[in-house]
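Novice: Contents of upload_37.cif (mmCIF, C-alpha atoms and all ligand atoms) are given next:
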data_model
loop_
_atom_site.label_atom_id
_atom_site.label_comp_id
_atom_site.auth_asym_id
_atom_site.auth_seq_id
_atom_site.Cartn_x
_atom_site.Cartn_y
_atom_site.Cartn_z
CA MET A 1 0.00 0.00 0.00
CA ASN A 2 1.10 3.53 -0.75
CA ILE A 3 2.30 5.21 2.45
CA LEU A 4 1.20 8.82 2.68
CA ASN A 5 3.12 11.71 4.20
CA LYS A 6 -0.02 13.83 4.38
CA ILE A 7 -3.75 13.22 4.44
CA LEU A 8 -5.28 15.69 2.01
CA ILE A 9 -8.85 16.17 0.92
CA TYR A 10 -10.23 18.38 -1.81
CA PRO A 11 -13.20 20.76 -1.46
CA SER A 12 -14.62 19.42 -4.72
CA GLU A 13 -14.77 15.92 -3.20
CA LEU A 14 -16.44 17.14 -0.02
CA ALA A 15 -18.98 19.09 -2.06
CA GLN A 16 -20.30 15.69 -3.17
CA GLY A 17 -20.94 14.59 0.42
CA GLU A 18 -19.16 12.46 3.00
CA GLN A 19 -15.79 11.08 1.93
CA ARG A 20 -14.17 7.97 3.31
CA LEU A 21 -10.38 7.93 3.53
CA LYS A 22 -8.52 4.69 4.23
CA GLY A 23 -4.81 4.13 4.09
CA GLU A 24 -1.44 4.29 5.77
CA LEU A 25 0.12 7.49 7.08
CA SER A 26 3.89 7.52 7.52
CA GLN A 27 5.12 7.30 11.11
CA SER A 28 7.54 10.16 10.27
CA VAL A 29 4.68 12.65 10.81
CA PHE A 30 5.03 12.22 14.58
CA ASP A 31 8.54 13.69 14.74
CA LEU A 32 8.88 12.95 18.48
CA LYS A 33 12.58 13.66 18.93
CA SER A 34 12.22 15.05 22.43
CA TYR A 35 9.80 12.34 23.60
CA ASP A 36 10.38 8.90 25.07
CA LEU A 37 7.53 7.69 22.92
CA LYS A 38 8.38 6.38 19.45
CA PRO A 39 6.13 5.08 16.70
CA VAL A 40 7.03 1.55 15.58
CA THR A 41 4.59 1.27 12.68
CA ASP A 42 2.94 3.60 10.22
CA VAL A 43 -0.59 4.67 11.10
CA SER A 44 -3.39 2.81 9.41
CA PHE A 45 -6.43 5.06 9.28
CA ASP A 46 -10.09 4.79 8.37
CA LEU A 47 -11.76 8.20 8.38
CA ARG A 48 -15.03 9.79 7.35
CA VAL A 49 -14.85 13.45 6.41
CA ASN A 50 -17.73 15.92 6.06
CA GLN A 51 -17.81 19.62 5.36
CA PHE A 52 -20.35 22.00 6.89
CA ASP A 53 -19.79 25.50 5.55
CA GLN A 54 -16.34 26.59 6.83
CA GLU A 55 -15.92 23.53 9.06
CA VAL A 56 -14.51 20.15 8.14
CA LEU A 57 -15.40 17.36 10.55
CA THR A 58 -13.29 14.21 10.56
CA GLN A 59 -14.29 11.05 12.43
CA GLY A 60 -12.92 7.54 12.44
CA GLU A 61 -10.30 5.24 13.81
CA VAL A 62 -6.59 4.51 13.57
CA SER A 63 -4.19 1.73 14.52
CA VAL A 64 -0.55 2.30 15.38
CA VAL A 65 2.15 0.65 17.51
CA PHE A 66 4.21 2.82 19.86
CA GLN A 67 7.33 1.97 21.82
CA SER A 68 8.40 3.46 25.11
CA ASP A 69 10.40 2.30 28.14
CA CYS A 70 8.68 0.99 31.25
CA SER A 71 8.56 3.92 33.67
CA ARG A 72 9.73 1.60 36.49
CA CYS A 73 12.19 -0.99 35.14
CA LEU A 74 13.11 0.81 31.86
CA LYS A 75 12.44 -2.29 29.79
CA PRO A 76 11.50 -1.27 26.21
CA LEU A 77 7.82 -2.00 25.64
CA GLU A 78 5.59 -1.93 22.59
CA LYS A 79 1.87 -1.42 22.59
CA GLU A 80 -0.60 -1.47 19.73
CA TYR A 81 -3.31 1.17 19.92
CA HIS A 82 -6.66 0.88 18.18
CA LEU A 83 -8.06 4.33 18.69
CA GLU A 84 -11.76 4.45 17.90
CA GLY A 85 -14.17 7.34 18.04
CA LEU A 86 -11.65 9.94 16.93
CA ALA A 87 -13.32 13.23 16.05
CA PHE A 88 -11.92 16.62 15.24
CA SER A 89 -13.09 19.63 13.32
CA MET A 90 -11.09 22.24 11.45
CA GLU A 91 -11.93 25.70 10.24
CA VAL A 92 -11.22 25.85 6.53
CA ASP A 93 -10.95 28.53 3.92
CA GLU A 94 -12.98 27.51 0.90
CA GLU A 95 -10.46 29.29 -1.29
CA ASP A 96 -7.87 26.64 -0.39
CA GLU A 97 -6.98 24.15 -3.07
CA CYS A 98 -7.06 21.30 -0.56
CA TYR A 99 -7.37 20.71 3.16
CA ASP A 100 -4.61 18.99 5.14
CA LEU A 101 -5.88 16.75 7.96
CA THR A 102 -2.43 15.46 8.97
CA GLU A 103 -1.56 17.77 11.87
CA GLU A 104 -5.00 17.57 13.47
CA LEU A 105 -4.95 13.78 13.27
CA ARG A 106 -1.45 13.64 14.73
CA GLU A 107 -2.54 15.77 17.71
CA GLU A 108 -5.66 13.67 18.21
CA ILE A 109 -3.55 10.48 18.39
CA LEU A 110 -0.95 11.92 20.78
CA ILE A 111 -3.66 13.12 23.19
CA ARG A 112 -4.86 9.52 23.49
CA VAL A 113 -1.50 7.76 23.92
CA PRO A 114 0.32 8.05 27.27
CA GLN A 115 3.92 9.19 26.94
CA TYR A 116 5.11 6.70 29.55
CA PHE A 117 4.32 3.03 29.68
CA SER A 118 4.63 0.49 32.45
CA CYS A 119 4.82 -3.30 32.30
CA ALA A 120 1.48 -3.36 34.13
CA GLN A 121 -0.22 -1.60 31.23
CA ILE A 122 1.24 -3.89 28.61
CA SER A 123 0.88 -7.35 30.08
CA ALA A 124 -2.24 -8.68 31.76
CA GLU A 125 -0.21 -10.05 34.69
CA GLY A 126 1.33 -6.64 35.32
CA ALA A 127 4.70 -8.29 35.85
CA CYS A 128 7.52 -5.81 36.31
CA GLU A 129 11.04 -6.51 37.47
CA ILE A 130 10.82 -3.56 39.82
CA ASN A 131 7.82 -3.82 42.09
CA TYR A 132 7.25 -0.65 44.09
CA PRO A 133 4.74 -0.90 46.91
CA GLN A 134 2.99 2.32 45.80
CA LYS A 135 1.83 0.58 42.65
CA SER A 136 -1.30 2.64 42.07
CA ILE A 137 0.56 5.97 41.93
CA ASP A 138 2.60 5.44 38.79
CA ASN A 139 0.10 3.23 37.06
CA PRO A 140 -2.38 5.35 35.08
CA SER A 141 -5.76 3.67 35.17
CA SER A 142 -6.60 4.36 31.53
CA ASP A 143 -5.17 5.62 28.27
CA SER A 144 -5.58 9.22 29.42
CA VAL A 145 -2.87 10.78 31.56
CA GLN A 146 -5.25 13.46 32.81
CA ASN A 147 -7.17 10.95 34.91
CA SER A 148 -4.48 10.30 37.49
CA PRO A 149 -5.12 13.23 39.91
CA SER A 150 -8.68 12.08 40.59
CA SER A 151 -7.48 8.64 41.73
CA ASN A 152 -5.69 10.33 44.66
CA GLN A 153 -9.03 11.60 45.86
CA ASP A 154 -10.53 8.14 45.60
CA ASP A 155 -7.74 6.74 47.75
CA ARG A 156 -8.53 9.24 50.51
CA TRP A 157 -12.18 8.27 50.53
CA SER A 158 -11.43 4.55 50.61
CA GLY A 159 -9.29 5.18 53.71
CA LEU A 160 -12.26 6.85 55.34
CA ASP A 161 -14.48 3.90 54.50
CA ALA A 162 -12.09 1.50 56.17
CA TRP A 163 -12.06 3.66 59.32
CA GLY A 164 -15.87 3.92 59.40
CA GLY A 165 -16.30 0.17 59.04
CA SER A 166 -14.04 -0.62 62.00
CA ASP A 167 -15.27 -1.16 65.59
CA GLU A 168 -11.89 -0.34 67.14
CA GLY A 169 -12.83 3.33 67.70
CA ARG A 170 -15.74 2.37 69.94
CA ASP A 171 -13.67 -0.04 72.01
CA ASN A 172 -11.37 2.82 73.01
CA GLN A 173 -14.15 5.00 74.37
ZN ZN B 201 8.65 -2.71 34.07
#
Could you render the structure as structure tokens?
Specialist:
Amino acid sequence: MNILNKILIYPSELAQGEQRLKGELSQSVFDLKSYDLKPVTDVSFDLRVNQFDQEVLTQGEVSVVFQSDCSRCLKPLEKEYHLEGLAFSMEVDEEDECYDLTEELREEILIRVPQYFSCAQISAEGACEINYPQKSIDNPSSDSVQNSPSSNQDDRWSGLDAWGGSDEGRDNQ
């Protein structure tokens, strides 16, 4: 299959209605020199693109394999991501010869992929050569890094539950 360096779409195509774009986008678009995260494969994409006046809406899914080191034991790890439900819109100028979806898609993928991996995320057993006791702290619960602060709150509440369920307090009175 022809590997693309850009995903382009033409206003004349969109004028005919929804367009479906399927193919492979070169991993070179990520250009992650200063990151620990590295793409291992090109990005296979399946997108549906619609234009509403000056807005182009793109929806669909991609698959790509990234490599990063385990944040605990530094073992290199690879993980394949099937990212579904991608959606982004772009303001466009109808004077443009074509619209370039590449940068928006790149951003959309990087938002969904954590920059740091751990063995626990990759293997079901969560086996890691280095086993810190504070396992929950450096182990993001999902594919979104932004979720981790809320888990601290949950931990506090679960501590309260344990205290409330104990009879020891009454014995001391
Ligand atoms: Zn590890």
Novice: Which residues come within 8 Å of A:Cys119, counting only C-alpha atoms, excluding same-chain residues fewer than 5 positions away, as a ChimeraX atom specification?
Specialist: /A:70,77,126-128
Novice: So that I have them on file, write out the residues from the current selection with C-alpha atoms, as a compact mmCIF listing (two decimals), in the coordinates of the input.
Specialist:
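Okay, this is what ended up in again_37.txt:
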# COMPACT_ATOMS: atom_id res chain seq x y z
CA CYS A 70 8.68 0.99 31.25
CA LEU A 77 7.82 -2.00 25.64
CA GLY A 126 1.33 -6.64 35.32
CA ALA A 127 4.70 -8.29 35.85
CA CYS A 128 7.52 -5.81 36.31
Novice: Just give me the residues with any atom within 6 Å of (-13.0, 27.9, 7.7), file coordinates, counting all atoms listed in the file, written as a list in words.
Specialist: Gln54, Glu55, Glu91, Val92 and Asp93 of chain A
Novice: Show me which residues are within 7 Å of ligand ZN 201 (chain B) counting only C-alpha atoms and all ligand atoms, and format the list as a list in words.
Specialist: Cys70, Ser71, Arg72, Cys73, Leu74, Lys75, Ser118, Cys119, Cys128, Glu129 and Ile130 of chain A
Novice: Using all atoms listed in the file, determine which residues lie at most 12 Å from A:Ile9, disregarding the query and same-chain residues fewer than 5 positions distant; provide the list as a list of chain:residue names.
Specialist: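 So the residues in contact are A:Leu14, A:Ala15, A:Glu18, A:Gln19, A:Arg20, A:Leu21, A:Lys22, A:Leu47, A:Arg48, A:Val49, A:Asn50, A:Gln51, A:Val56, A:Leu57, A:Thr58, A:Val92, A:Asp96, A:Glu97, A:Cys98, A:Tyr99, A:Asp100, A:Leu101, A:Thr102.
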Novice: Excluding A:Gln115 and residues on its chain fewer than 4 positions from it, collect all residues at most 8 Å away from it, counting all atoms listed in the file, and give them as a list in words.
Specialist: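 The neighbour list is Tyr35, Asp36, Leu37 and Ser68 of chain A.
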Novice: One number please: atom CA of A:Asp53 to atom CA of A:Gly85, in Å, one decimal.
Specialist: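 Rounded to one decimal, the two atoms are 22.7 Å apart.
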Novice: Nearest to A:Phe66 among A:Phe52, A:Gly23, A:Val113, A:Leu83, with distances taken over all atoms listed in the file: which residue is it?
Specialist: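 Distance minimum relative to A:Phe66 lands on A:Val113.
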Novice: Quick one: residues within 9 Å of A:Leu86, all atoms listed in the file counted, chain neighbours fewer than 4 positions away excluded, as a VMD selection string?
Specialist: chain A and resid 47 58 to 62 105 108 to 109
Novice: Between atom CA of A:Glu84 and atom CA of A:Lys33, what is the spacing in Å?
Specialist: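 We find that atom CA of A:Lys33 and atom CA of A:Glu84 lie 26.0 Å from each other.
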Novice: May I ask for the distance between atom CA of A:Gln27 and atom CA of A:Val65, given in Å to one decimal place?
Specialist: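 Distance between the two atoms: 9.7 Å.
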Novice: With distances taken over all atoms listed in the file, which of A:Phe30, A:Ala120, A:Tyr81, A:Glu104 is nearest to A:Leu8?
Specialist: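 Ranked by minimum distance to A:Leu8, first place goes to A:Glu104.
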